[in-house]
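Shown next, in C-alpha cells, is the structure this report addresses.
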Amino acid sequence: MDNKSTYLLADSAVLPEVFTKVIEAKKLLSSGKARTVNEAVAAVGLSRSAFYKYRDHVFPFYETSRGRVITLFFVVEDFSGILSSIINRIARAKANIITINQNVPINGLADVTISISTTGMTMELEELMDSISEIEGVRRQQILARD
C-alpha cells in the first residue's frame, strides 16, 4: 500500500456526518467557545475516539487557504464606491491585495478580479467572502484559483 496522501475536494453533503462534526468541534476549540475536547465533542454530538481518529485528516476548504495567493471574482453593479467597499472589507481582514482588474461595465455590470495573499489574514476566507456578499451591488462572487 502506498503511504502517499491523496487530497480530495468533496461536498460535505455526500460525506458521512462525522466529518462535519469533527470540523465543527475543531472550530469550537480554535475559537475558544469550547475549552476542552470533551466540551467540543459533547456540543456537536461526537465521540472523542471519532474526533481523534479524524482530526488530523479532515479540514474545511477555507482552512487550507492560509498563506496562499487566492484569486477572487466578483460581478458588481456599476456605481461609485462599490470597488472601494470590497477593498475595505479585504483590508479589514488583513489580506494583502496583489492585483485588481475591473473590466469595462456592460449593461450596468462589471467583472472584478482581485488576487490576495492570505498570509496575514485575521479571518477565514469564508467569512471574508460572506462579508463581501453583503455589500449592496455585489451580484456574484466566487473563488477562481488558489496558488
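Just remember, in the C-alpha cells the first chain shown is A, the second B, etc., residues are 1-based per chain, and ligands are 1-based in the order shown.
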
Within 9 Å of Gly108 in chain A, counting only C-alpha atoms, which residues qualify if same-chain residues fewer than 6 places away don't, as a compact mmCIF listing (two decimals) with N, CA and C atoms, in the first residue's frame?
```txt
# COMPACT_ATOMS: atom_id res chain seq x y z
N VAL A 76 -20.26 42.95 -10.18
CA VAL A 76 -20.78 44.05 -9.38
C VAL A 76 -21.56 45.04 -10.24
N GLU A 77 -22.51 45.71 -9.59
CA GLU A 77 -23.23 46.77 -10.27
C GLU A 77 -22.30 47.96 -10.43
N ASP A 78 -22.52 48.71 -11.48
CA ASP A 78 -21.65 49.84 -11.81
C ASP A 78 -22.14 51.10 -11.11
N PHE A 79 -21.65 51.33 -9.89
CA PHE A 79 -21.91 52.60 -9.23
C PHE A 79 -20.70 52.98 -8.38
```

Mind listing the strand (DSSP E) residues of range 3-80 of chain A, per DSSP on the backbone, as a ChimeraX atom specification?
-> /A:69-77

May I have the residues within 6 Å of range 94-106 of chain A as a VMD selection string, using only C-alpha atoms and disregarding those fewer than 5 positions away in the same chain?
-> chain A and resid 111 to 118 120 to 122

Interatomic distance, CA of Asp147 in chain A to CA of Arg92 in chain A (Å, one decimal) |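 Straight-line distance from CA of Asp147 in chain A to CA of Arg92 in chain A works out to 22.0 Å.
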
Do a neighbour search on range 9-20 of chain A at 8 Å with only C-alpha atoms, toss out local chain neighbours closer than 5 positions, and write the hits as number ranges by chain.
-> A: 46, 50, 54, 58, 61

Include C-alpha atoms and write out the residues we just selected as a PDB file, in the first residue's frame.
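Heads up, here's the output in part38.pdb:
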```
ATOM      1  CA  LEU A  46     -19.447  13.286  18.544  1.00  0.00           C
ATOM      2  CA  ALA A  50     -14.032   9.660  16.319  1.00  0.00           C
ATOM      3  CA  TYR A  54     -10.177  12.135  12.030  1.00  0.00           C
ATOM      4  CA  VAL A  58     -10.360  16.497   7.862  1.00  0.00           C
ATOM      5  CA  PHE A  61     -11.748  24.037   2.312  1.00  0.00           C
TER       6      PHE A  61
END
```

Interatomic distance, CA of Gly32 in chain A to CA of Glu127 in chain A (Å, one decimal) |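 For CA of Gly32 in chain A relative to CA of Glu127 in chain A, the distance reads 17.3 Å.
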